[in-house]
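Asks: Got a file for you: final20.csv, CSV, N, CA and C atoms.
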chain,number,residue,atom,x,y,z
A,1000,MET,N,134.1,-4.2,217.1
A,1000,MET,CA,134.7,-5.3,217.8
A,1000,MET,C,136.0,-5.7,217.0
A,1001,LYS,N,137.1,-5.8,217.7
A,1001,LYS,CA,138.3,-6.3,217.1
A,1001,LYS,C,138.8,-7.6,217.8
A,1002,ILE,N,139.4,-8.4,217.0
A,1002,ILE,CA,139.9,-9.7,217.5
A,1002,ILE,C,141.3,-9.4,218.1
A,1003,LYS,N,141.4,-9.9,219.4
A,1003,LYS,CA,142.7,-9.8,220.1
A,1003,LYS,C,143.5,-11.0,220.0
A,1004,LYS,N,142.9,-12.2,220.1
A,1004,LYS,CA,143.6,-13.4,220.1
A,1004,LYS,C,142.8,-14.5,219.5
A,1005,VAL,N,143.4,-15.5,218.8
A,1005,VAL,CA,142.7,-16.6,218.3
A,1005,VAL,C,143.6,-17.8,218.7
A,1006,GLU,N,143.0,-18.8,219.3
A,1006,GLU,CA,143.6,-20.1,219.7
A,1006,GLU,C,142.9,-21.2,219.1
A,1007,ILE,N,143.7,-22.0,218.3
A,1007,ILE,CA,143.1,-23.1,217.5
A,1007,ILE,C,143.9,-24.4,217.9
A,1008,GLU,N,143.1,-25.4,218.2
A,1008,GLU,CA,143.8,-26.7,218.5
A,1008,GLU,C,143.0,-27.8,217.9
A,1009,ALA,N,143.7,-28.7,217.1
A,1009,ALA,CA,143.1,-29.9,216.5
A,1009,ALA,C,142.0,-29.6,215.5
A,1010,PHE,N,142.1,-28.4,214.9
A,1010,PHE,CA,141.1,-28.0,213.9
A,1010,PHE,C,141.7,-27.9,212.6
A,1011,ARG,N,141.1,-28.6,211.6
A,1011,ARG,CA,141.6,-28.6,210.2
A,1011,ARG,C,143.1,-28.6,210.1
A,1012,ALA,N,143.8,-27.6,209.6
A,1012,ALA,CA,145.3,-27.7,209.4
A,1012,ALA,C,146.1,-27.6,210.7
A,1013,TYR,N,145.4,-27.2,211.8
A,1013,TYR,CA,146.2,-27.0,213.0
A,1013,TYR,C,146.1,-28.2,213.9
A,1014,GLN,N,147.3,-28.7,214.3
A,1014,GLN,CA,147.3,-29.8,215.3
A,1014,GLN,C,147.5,-29.3,216.7
A,1015,LEU,N,148.5,-28.5,217.0
A,1015,LEU,CA,148.8,-28.1,218.3
A,1015,LEU,C,148.4,-26.7,218.6
A,1016,LYS,N,147.9,-26.4,219.8
A,1016,LYS,CA,147.6,-25.0,220.2
A,1016,LYS,C,148.8,-24.1,220.0
A,1017,SER,N,150.0,-24.6,220.3
A,1017,SER,CA,151.2,-23.8,220.2
A,1017,SER,C,151.4,-23.3,218.7
A,1018,ASP,N,150.9,-24.1,217.8
A,1018,ASP,CA,151.1,-23.7,216.4
A,1018,ASP,C,149.9,-22.9,215.9
A,1019,GLY,N,148.8,-22.9,216.6
A,1019,GLY,CA,147.6,-22.2,216.2
A,1019,GLY,C,147.2,-21.1,217.1
A,1020,THR,N,148.1,-20.4,217.8
A,1020,THR,CA,147.8,-19.3,218.6
A,1020,THR,C,148.3,-18.0,217.9
A,1021,PHE,N,147.4,-17.1,217.7
A,1021,PHE,CA,147.6,-15.8,217.0
A,1021,PHE,C,147.3,-14.7,218.0
A,1022,ASP,N,148.2,-13.9,218.3
A,1022,ASP,CA,148.0,-12.7,219.2
A,1022,ASP,C,148.1,-11.5,218.4
A,1023,PHE,N,147.0,-10.7,218.3
A,1023,PHE,CA,146.9,-9.5,217.5
A,1023,PHE,C,146.9,-8.3,218.3
A,1024,THR,N,147.5,-8.3,219.5
A,1024,THR,CA,147.6,-7.1,220.3
A,1024,THR,C,148.9,-6.4,220.2
A,1025,ASN,N,148.9,-5.1,220.4
A,1025,ASN,CA,150.1,-4.3,220.4
A,1025,ASN,C,150.4,-3.9,221.8
A,1026,ASP,N,151.6,-4.1,222.3
A,1026,ASP,CA,152.0,-3.6,223.6
A,1026,ASP,C,151.0,-3.9,224.7
A,1027,GLY,N,150.7,-5.1,224.9
A,1027,GLY,CA,149.7,-5.4,226.0
A,1027,GLY,C,148.4,-5.9,225.5
A,1028,GLU,N,147.3,-5.1,225.9
A,1028,GLU,CA,146.0,-5.5,225.6
A,1028,GLU,C,145.3,-4.8,224.4
A,1029,GLU,N,145.9,-3.9,223.8
A,1029,GLU,CA,145.3,-3.1,222.8
A,1029,GLU,C,145.4,-3.9,221.4
A,1030,PRO,N,144.2,-4.2,220.8
A,1030,PRO,CA,144.3,-4.9,219.5
A,1030,PRO,C,144.8,-4.0,218.4
A,1031,ALA,N,145.5,-4.7,217.4
A,1031,ALA,CA,146.0,-4.0,216.3
A,1031,ALA,C,144.9,-3.4,215.4
A,1032,ASN,N,145.2,-2.3,214.8
A,1032,ASN,CA,144.2,-1.7,213.9
A,1032,ASN,C,144.1,-2.4,212.5
A,1033,PHE,N,145.2,-3.1,212.2
A,1033,PHE,CA,145.3,-3.8,210.9
A,1033,PHE,C,146.1,-5.0,211.0
A,1034,VAL,N,145.6,-6.1,210.5
A,1034,VAL,CA,146.3,-7.4,210.5
A,1034,VAL,C,146.2,-8.0,209.2
A,1035,ALA,N,147.3,-8.6,208.7
A,1035,ALA,CA,147.4,-9.3,207.4
A,1035,ALA,C,148.0,-10.7,207.7
A,1036,LEU,N,147.3,-11.7,207.1
A,1036,LEU,CA,147.9,-13.0,207.2
A,1036,LEU,C,148.5,-13.3,205.8
A,1037,TYR,N,149.8,-13.7,205.8
A,1037,TYR,CA,150.4,-14.0,204.5
A,1037,TYR,C,151.3,-15.2,204.7
A,1038,ALA,N,151.1,-16.2,203.8
A,1038,ALA,CA,151.8,-17.4,203.8
A,1038,ALA,C,151.6,-18.1,202.5
A,1039,PRO,N,152.5,-19.0,202.1
A,1039,PRO,CA,152.3,-19.8,200.9
A,1039,PRO,C,151.1,-20.7,201.0
A,1040,ASN,N,150.7,-21.2,199.9
A,1040,ASN,CA,149.6,-22.2,199.9
A,1040,ASN,C,149.8,-23.3,200.8
A,1041,GLY,N,148.8,-23.8,201.5
A,1041,GLY,CA,148.9,-25.0,202.3
A,1041,GLY,C,149.4,-24.7,203.7
A,1042,PHE,N,149.5,-23.4,204.1
A,1042,PHE,CA,150.0,-23.1,205.5
A,1042,PHE,C,148.9,-22.8,206.5
A,1043,GLY,N,147.6,-22.9,206.1
A,1043,GLY,CA,146.5,-22.8,207.1
A,1043,GLY,C,145.8,-21.5,207.1
A,1044,LYS,N,145.9,-20.7,206.1
A,1044,LYS,CA,145.2,-19.4,206.1
A,1044,LYS,C,143.7,-19.7,206.1
A,1045,SER,N,143.2,-20.5,205.2
A,1045,SER,CA,141.8,-20.8,205.1
A,1045,SER,C,141.3,-21.5,206.4
A,1046,SER,N,142.1,-22.4,206.9
A,1046,SER,CA,141.8,-23.0,208.2
A,1046,SER,C,141.6,-22.0,209.3
A,1047,PHE,N,142.5,-21.0,209.3
A,1047,PHE,CA,142.4,-19.9,210.3
A,1047,PHE,C,141.0,-19.2,210.2
A,1048,TYR,N,140.7,-18.8,209.0
A,1048,TYR,CA,139.4,-18.1,208.8
A,1048,TYR,C,138.2,-19.0,209.1
A,1049,ASP,N,138.3,-20.3,208.7
A,1049,ASP,CA,137.3,-21.3,209.1
A,1049,ASP,C,137.1,-21.4,210.6
A,1050,ALA,N,138.2,-21.4,211.3
A,1050,ALA,CA,138.2,-21.5,212.8
A,1050,ALA,C,137.5,-20.3,213.4
A,1051,VAL,N,137.8,-19.1,212.9
A,1051,VAL,CA,137.2,-17.9,213.5
A,1051,VAL,C,135.7,-17.9,213.2
A,1052,GLU,N,135.3,-18.2,211.9
A,1052,GLU,CA,133.9,-18.3,211.6
A,1052,GLU,C,133.1,-19.3,212.4
A,1053,TRP,N,133.7,-20.5,212.5
A,1053,TRP,CA,133.1,-21.6,213.3
A,1053,TRP,C,132.9,-21.2,214.8
A,1054,ALA,N,133.9,-20.6,215.3
A,1054,ALA,CA,133.8,-20.2,216.8
A,1054,ALA,C,132.8,-19.2,217.0
A,1055,VAL,N,132.6,-18.2,216.1
A,1055,VAL,CA,131.7,-17.1,216.2
A,1055,VAL,C,130.2,-17.5,215.8
A,1056,THR,N,130.1,-18.4,214.8
A,1056,THR,CA,128.8,-18.7,214.3
A,1056,THR,C,128.3,-20.1,214.4
A,1057,ASN,N,129.2,-21.0,214.8
A,1057,ASN,CA,128.9,-22.5,214.8
A,1057,ASN,C,128.5,-23.0,213.4
A,1058,HIS,N,129.0,-22.4,212.4
A,1058,HIS,CA,128.7,-22.8,211.0
A,1058,HIS,C,129.9,-22.4,210.1
A,1059,LEU,N,130.1,-23.1,209.0
A,1059,LEU,CA,131.1,-22.7,208.0
A,1059,LEU,C,130.4,-22.6,206.7
A,1060,GLU,N,130.1,-21.4,206.2
A,1060,GLU,CA,129.4,-21.2,205.0
A,1060,GLU,C,130.2,-21.8,203.8
A,1061,ARG,N,131.5,-21.7,203.8
A,1061,ARG,CA,132.4,-22.2,202.7
A,1061,ARG,C,132.2,-23.7,202.6
A,1062,LEU,N,132.0,-24.4,203.6
A,1062,LEU,CA,131.9,-25.9,203.6
A,1062,LEU,C,130.5,-26.4,203.7
A,1063,GLY,N,129.5,-25.5,203.8
A,1063,GLY,CA,128.1,-25.9,204.0
A,1063,GLY,C,127.4,-26.1,202.6
A,1064,GLY,N,126.2,-26.5,202.7
A,1064,GLY,CA,125.4,-26.7,201.5
A,1064,GLY,C,125.5,-28.1,201.0
A,1065,GLU,N,124.5,-28.5,200.1
A,1065,GLU,CA,124.4,-29.8,199.6
A,1065,GLU,C,125.7,-30.2,198.7
A,1066,TYR,N,126.1,-29.3,197.9
A,1066,TYR,CA,127.3,-29.6,197.0
A,1066,TYR,C,128.5,-29.9,197.9
A,1067,ASN,N,128.8,-29.1,198.8
A,1067,ASN,CA,130.0,-29.3,199.6
A,1067,ASN,C,129.8,-30.4,200.6
A,1068,LYS,N,128.6,-30.7,201.0
A,1068,LYS,CA,128.3,-31.8,201.9
A,1068,LYS,C,128.8,-33.1,201.2
A,1069,ALA,N,128.4,-33.3,200.0
A,1069,ALA,CA,128.8,-34.5,199.2
A,1069,ALA,C,130.3,-34.6,199.1
A,1070,ASN,N,131.0,-33.4,198.7
A,1070,ASN,CA,132.4,-33.4,198.6
A,1070,ASN,C,133.1,-33.7,199.9
A,1071,ASN,N,132.7,-33.1,200.9
A,1071,ASN,CA,133.4,-33.3,202.2
A,1071,ASN,C,133.2,-34.7,202.7
A,1072,GLN,N,132.0,-35.2,202.6
A,1072,GLN,CA,131.8,-36.6,203.1
A,1072,GLN,C,132.6,-37.6,202.2
A,1073,SER,N,132.7,-37.3,201.0
A,1073,SER,CA,133.5,-38.2,200.1
A,1073,SER,C,135.0,-38.1,200.5
A,1074,ALA,N,135.5,-36.9,200.7
A,1074,ALA,CA,136.9,-36.8,201.1
A,1074,ALA,C,137.2,-37.4,202.5
A,1075,ALA,N,136.2,-37.2,203.4
A,1075,ALA,CA,136.4,-37.7,204.8
A,1075,ALA,C,136.3,-39.3,204.7
A,1076,LYS,N,135.4,-39.8,203.9
A,1076,LYS,CA,135.3,-41.3,203.8
A,1076,LYS,C,136.5,-41.9,203.2
A,1077,SER,N,137.2,-41.2,202.3
A,1077,SER,CA,138.4,-41.8,201.6
A,1077,SER,C,139.5,-42.1,202.6
A,1078,THR,N,139.6,-41.4,203.7
A,1078,THR,CA,140.6,-41.6,204.7
A,1078,THR,C,140.1,-42.0,206.0
A,1079,LYS,N,138.8,-42.5,206.1
A,1079,LYS,CA,138.2,-42.8,207.3
A,1079,LYS,C,138.5,-44.2,207.8
A,1080,ASN,N,138.7,-44.3,209.1
A,1080,ASN,CA,138.8,-45.6,209.8
A,1080,ASN,C,137.3,-46.0,210.0
A,1081,PRO,N,136.9,-47.2,209.7
A,1081,PRO,CA,135.5,-47.6,209.8
A,1081,PRO,C,135.0,-47.5,211.3
A,1082,ASN,N,135.9,-47.4,212.2
A,1082,ASN,CA,135.4,-47.3,213.6
A,1082,ASN,C,135.4,-45.9,214.2
A,1083,GLU,N,135.5,-44.9,213.3
A,1083,GLU,CA,135.5,-43.5,213.7
A,1083,GLU,C,134.5,-42.7,212.9
A,1084,GLY,N,134.1,-41.6,213.5
A,1084,GLY,CA,133.2,-40.7,212.8
A,1084,GLY,C,133.9,-40.0,211.6
A,1085,LEU,N,133.1,-39.3,210.8
A,1085,LEU,CA,133.7,-38.5,209.7
A,1085,LEU,C,134.3,-37.2,210.2
A,1086,LYS,N,135.5,-37.0,209.9
A,1086,LYS,CA,136.2,-35.8,210.3
A,1086,LYS,C,136.4,-34.8,209.2
A,1087,ILE,N,135.7,-33.7,209.3
A,1087,ILE,CA,135.9,-32.6,208.3
A,1087,ILE,C,136.5,-31.5,209.1
A,1088,LEU,N,136.1,-31.2,210.3
A,1088,LEU,CA,136.7,-30.1,211.0
A,1088,LEU,C,137.9,-30.5,211.9
A,1089,ARG,N,137.9,-31.7,212.4
A,1089,ARG,CA,138.9,-32.1,213.3
A,1089,ARG,C,140.2,-32.5,212.5
A,1090,ASN,N,141.3,-32.2,213.0
A,1090,ASN,CA,142.6,-32.6,212.4
A,1090,ASN,C,142.7,-34.1,212.7
A,1091,LYS,N,142.8,-34.9,211.7
A,1091,LYS,CA,142.8,-36.3,211.8
A,1091,LYS,C,144.1,-36.9,212.4
A,1092,TYR,N,145.2,-36.1,212.5
A,1092,TYR,CA,146.5,-36.5,212.9
A,1092,TYR,C,146.7,-36.3,214.4
A,1093,VAL,N,145.8,-35.7,215.1
A,1093,VAL,CA,145.9,-35.3,216.5
A,1093,VAL,C,145.4,-36.5,217.4
A,1094,ASP,N,146.1,-36.7,218.5
A,1094,ASP,CA,145.7,-37.7,219.4
A,1094,ASP,C,144.3,-37.5,219.8
A,1095,GLU,N,143.5,-38.6,220.0
A,1095,GLU,CA,142.1,-38.5,220.3
A,1095,GLU,C,141.8,-37.9,221.6
A,1096,ARG,N,142.8,-37.8,222.5
A,1096,ARG,CA,142.6,-37.2,223.8
A,1096,ARG,C,142.6,-35.7,223.8
A,1097,VAL,N,143.1,-35.2,222.7
A,1097,VAL,CA,143.1,-33.7,222.5
A,1097,VAL,C,141.8,-33.2,221.9
A,1098,ASP,N,141.2,-32.2,222.6
A,1098,ASP,CA,139.9,-31.7,222.1
A,1098,ASP,C,140.1,-30.8,220.9
A,1099,THR,N,139.2,-30.8,220.0
A,1099,THR,CA,139.1,-29.8,218.9
A,1099,THR,C,138.5,-28.6,219.5
A,1100,LYS,N,139.2,-27.5,219.5
A,1100,LYS,CA,138.7,-26.3,220.2
A,1100,LYS,C,139.2,-25.0,219.6
A,1101,VAL,N,138.4,-24.0,219.5
A,1101,VAL,CA,138.8,-22.7,219.0
A,1101,VAL,C,138.3,-21.6,219.9
A,1102,VAL,N,139.1,-20.7,220.3
A,1102,VAL,CA,138.7,-19.6,221.2
A,1102,VAL,C,139.1,-18.3,220.5
A,1103,VAL,N,138.2,-17.4,220.3
A,1103,VAL,CA,138.4,-16.1,219.7
A,1103,VAL,C,138.1,-15.0,220.8
A,1104,SER,N,139.2,-14.3,221.2
A,1104,SER,CA,139.0,-13.2,222.2
A,1104,SER,C,139.0,-11.9,221.5
A,1105,THR,N,138.1,-11.0,222.0
A,1105,THR,CA,137.9,-9.7,221.4
A,1105,THR,C,138.1,-8.6,222.4
A,1106,ASN,N,138.1,-7.4,221.9
A,1106,ASN,CA,138.3,-6.2,222.8
A,1106,ASN,C,137.0,-5.9,223.4
A,1107,GLY,N,135.9,-6.5,223.0
A,1107,GLY,CA,134.6,-6.3,223.7
A,1107,GLY,C,134.4,-7.3,224.8
A,1108,LYS,N,133.2,-7.5,225.2
A,1108,LYS,CA,132.8,-8.4,226.3
A,1108,LYS,C,132.8,-9.8,225.8
A,1109,ASN,N,132.7,-10.0,224.5
A,1109,ASN,CA,132.6,-11.4,224.0
A,1109,ASN,C,133.9,-12.1,223.8
A,1110,THR,N,133.8,-13.4,224.3
A,1110,THR,CA,134.9,-14.4,224.0
A,1110,THR,C,134.1,-15.5,223.4
A,1111,PHE,N,134.4,-15.9,222.1
A,1111,PHE,CA,133.7,-17.0,221.4
A,1111,PHE,C,134.6,-18.2,221.6
A,1112,GLU,N,133.9,-19.3,222.1
A,1112,GLU,CA,134.6,-20.5,222.3
A,1112,GLU,C,133.8,-21.7,221.7
A,1113,ARG,N,134.4,-22.5,220.9
A,1113,ARG,CA,133.6,-23.6,220.3
A,1113,ARG,C,134.5,-24.9,220.5
A,1114,LYS,N,133.9,-25.9,220.9
A,1114,LYS,CA,134.5,-27.2,221.1
A,1114,LYS,C,133.7,-28.3,220.4
A,1115,LEU,N,134.4,-29.2,219.7
A,1115,LEU,CA,133.7,-30.3,219.1
A,1115,LEU,C,133.4,-31.4,220.1
A,1116,PRO,N,132.2,-32.0,220.1
A,1116,PRO,CA,132.0,-33.1,221.0
A,1116,PRO,C,132.7,-34.3,220.5
A,1117,LYS,N,132.9,-35.3,221.3
A,1117,LYS,CA,133.6,-36.6,220.9
A,1117,LYS,C,132.6,-37.2,219.9
A,1118,LEU,N,133.2,-37.8,218.8
A,1118,LEU,CA,132.5,-38.4,217.8
A,1118,LEU,C,132.3,-39.9,218.0
A,1119,ARG,N,131.1,-40.4,217.7
A,1119,ARG,CA,130.8,-41.8,217.6
A,1119,ARG,C,131.1,-42.2,216.1
A,1120,LYS,N,131.2,-43.5,215.9
A,1120,LYS,CA,131.6,-43.9,214.6
A,1120,LYS,C,130.6,-43.7,213.5
A,1121,ASN,N,129.3,-43.4,213.8
A,1121,ASN,CA,128.3,-43.1,212.8
A,1121,ASN,C,128.0,-41.7,212.7
A,1122,GLN,N,128.8,-40.8,213.2
A,1122,GLN,CA,128.6,-39.3,213.2
A,1122,GLN,C,129.5,-38.6,212.3
A,1123,ILE,N,129.2,-37.4,212.0
A,1123,ILE,CA,130.0,-36.5,211.2
A,1123,ILE,C,130.3,-35.3,212.1
A,1124,ASP,N,131.5,-34.7,212.1
A,1124,ASP,CA,131.8,-33.6,213.1
A,1124,ASP,C,131.3,-32.3,212.7
A,1125,MET,N,130.7,-32.1,211.5
A,1125,MET,CA,130.2,-30.8,211.1
A,1125,MET,C,128.7,-30.8,210.8
A,1126,ARG,N,128.1,-29.8,211.4
A,1126,ARG,CA,126.6,-29.7,211.1
A,1126,ARG,C,126.5,-29.0,209.7
A,1127,ILE,N,125.9,-29.7,208.8
A,1127,ILE,CA,125.8,-29.2,207.4
A,1127,ILE,C,124.3,-29.0,207.2
A,1128,GLU,N,123.9,-27.7,207.0
A,1128,GLU,CA,122.5,-27.3,206.8
A,1128,GLU,C,122.2,-27.2,205.3
A,1129,LEU,N,121.1,-27.7,204.9
A,1129,LEU,CA,120.7,-27.6,203.5
A,1129,LEU,C,120.1,-26.2,203.3
A,1130,ASP,N,120.3,-25.7,202.1
A,1130,ASP,CA,119.7,-24.4,201.7
A,1130,ASP,C,118.2,-24.5,201.7
A,1131,PRO,N,117.6,-23.7,202.6
A,1131,PRO,CA,116.1,-23.7,202.7
A,1131,PRO,C,115.4,-23.4,201.4
A,1132,ILE,N,116.0,-22.7,200.5
A,1132,ILE,CA,115.4,-22.3,199.2
A,1132,ILE,C,115.5,-23.4,198.2
A,1133,GLY,N,116.6,-24.1,198.2
A,1133,GLY,CA,116.8,-25.2,197.2
A,1133,GLY,C,116.2,-26.4,197.6
Would you write out, as structure tokens, the structure that this file holds?

Replies:
Amino acid sequence: MKIKKVEIEAFRAYQLKSDGTFDFTNDGEEPANFVALYAPNGFGKSSFYDAVEWAVTNHLERLGGEYNKANNQSAAKSTKNPNEGLKILRNKYVDERVDTKVVVSTNGKNTFERKLPKLRKNQIDMRIELDPIG
């Protein structure tokens, strides 16, 4: 399976779909054999990979677990409006009417699409699972 296109909107570093659309096809519908993402620090490379992982698996291993749960909740709370939920996945600068959404299109039959539900003020936007061994 090869990724043909990734569309990211209101997710982590990405605000607008126009800034978060990556087309990896060559001359039409054929996906590239090799793709490299290169940019300076802070330009959204990790957010891109987070978006793809979240769309495909509905989980982010990098941000999951008890240690990261505490760090993410602390960071989200430091900028949180008391009338909003905790935003870890959602870009906090995007208008509330814009849905947080990621679509990953492949050369196979699968298209992976994930959308965050609207948050209530007592919710967190990321499902964080505890390590079953720990």

Asks: Do you have the CA of Asp1022 in chain A-atom C of Lys1004 in chain A distance handy?

Replies: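 So the answer is 5.5 Å.
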
Asks: Enter the distance from CA of Phe1010 in chain A to CA of Phe1023 in chain A, in Å, rounded to one decimal.

Replies: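 Distance between the two atoms: 19.7 Å.
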
Asks: Please, what distance in Å, to one decimal, runs between atom C of Tyr1092 in chain A and atom C of Gln1014 in chain A?

Replies: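 Between these atoms lies a distance of 7.4 Å.
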
Asks: Of the residues A:Ala1035, A:Leu1062, A:Ala1009, A:Leu1118, which is the one nearest to Asp1094 in chain A, using only N, CA and C atoms?

Replies: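 Looking at the shortest contact to Asp1094 in chain A, the residue is A:Ala1009.
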
Asks: Taking 6 positions as the minimum chain separation for residues in the same chain, which residues sit within 12 Å of Met1000 in chain A when counting only C-alpha atoms? Answer as a PyMOL selection string.

Replies: chain A and resi 1029-1032+1103-1110

Asks: Just to be explicit: take each residue in the selection above, keep N, CA and C atoms, and write the result as a PDB file, in the frame of the given file.

Replies:
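Done, and the output landed in selection.pdb:
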ATOM      1  N   GLU A1029     145.900  -3.900 223.800  1.00  0.00           N
ATOM      2  CA  GLU A1029     145.300  -3.100 222.800  1.00  0.00           C
ATOM      3  C   GLU A1029     145.400  -3.900 221.400  1.00  0.00           C
ATOM      4  N   PRO A1030     144.200  -4.200 220.800  1.00  0.00           N
ATOM      5  CA  PRO A1030     144.300  -4.900 219.500  1.00  0.00           C
ATOM      6  C   PRO A1030     144.800  -4.000 218.400  1.00  0.00           C
ATOM      7  N   ALA A1031     145.500  -4.700 217.400  1.00  0.00           N
ATOM      8  CA  ALA A1031     146.000  -4.000 216.300  1.00  0.00           C
ATOM      9  C   ALA A1031     144.900  -3.400 215.400  1.00  0.00           C
ATOM     10  N   ASN A1032     145.200  -2.300 214.800  1.00  0.00           N
ATOM     11  CA  ASN A1032     144.200  -1.700 213.900  1.00  0.00           C
ATOM     12  C   ASN A1032     144.100  -2.400 212.500  1.00  0.00           C
ATOM     13  N   VAL A1103     138.200 -17.400 220.300  1.00  0.00           N
ATOM     14  CA  VAL A1103     138.400 -16.100 219.700  1.00  0.00           C
ATOM     15  C   VAL A1103     138.100 -15.000 220.800  1.00  0.00           C
ATOM     16  N   SER A1104     139.200 -14.300 221.200  1.00  0.00           N
ATOM     17  CA  SER A1104     139.000 -13.200 222.200  1.00  0.00           C
ATOM     18  C   SER A1104     139.000 -11.900 221.500  1.00  0.00           C
ATOM     19  N   THR A1105     138.100 -11.000 222.000  1.00  0.00           N
ATOM     20  CA  THR A1105     137.900  -9.700 221.400  1.00  0.00           C
ATOM     21  C   THR A1105     138.100  -8.600 222.400  1.00  0.00           C
ATOM     22  N   ASN A1106     138.100  -7.400 221.900  1.00  0.00           N
ATOM     23  CA  ASN A1106     138.300  -6.200 222.800  1.00  0.00           C
ATOM     24  C   ASN A1106     137.000  -5.900 223.400  1.00  0.00           C
ATOM     25  N   GLY A1107     135.900  -6.500 223.000  1.00  0.00           N
ATOM     26  CA  GLY A1107     134.600  -6.300 223.700  1.00  0.00           C
ATOM     27  C   GLY A1107     134.400  -7.300 224.800  1.00  0.00           C
ATOM     28  N   LYS A1108     133.200  -7.500 225.200  1.00  0.00           N
ATOM     29  CA  LYS A1108     132.800  -8.400 226.300  1.00  0.00           C
ATOM     30  C   LYS A1108     132.800  -9.800 225.800  1.00  0.00           C
ATOM     31  N   ASN A1109     132.700 -10.000 224.500  1.00  0.00           N
ATOM     32  CA  ASN A1109     132.600 -11.400 224.000  1.00  0.00           C
ATOM     33  C   ASN A1109     133.900 -12.100 223.800  1.00  0.00           C
ATOM     34  N   THR A1110     133.800 -13.400 224.300  1.00  0.00           N
ATOM     35  CA  THR A1110     134.900 -14.400 224.000  1.00  0.00           C
ATOM     36  C   THR A1110     134.100 -15.500 223.400  1.00  0.00           C
TER      37      THR A1110
END
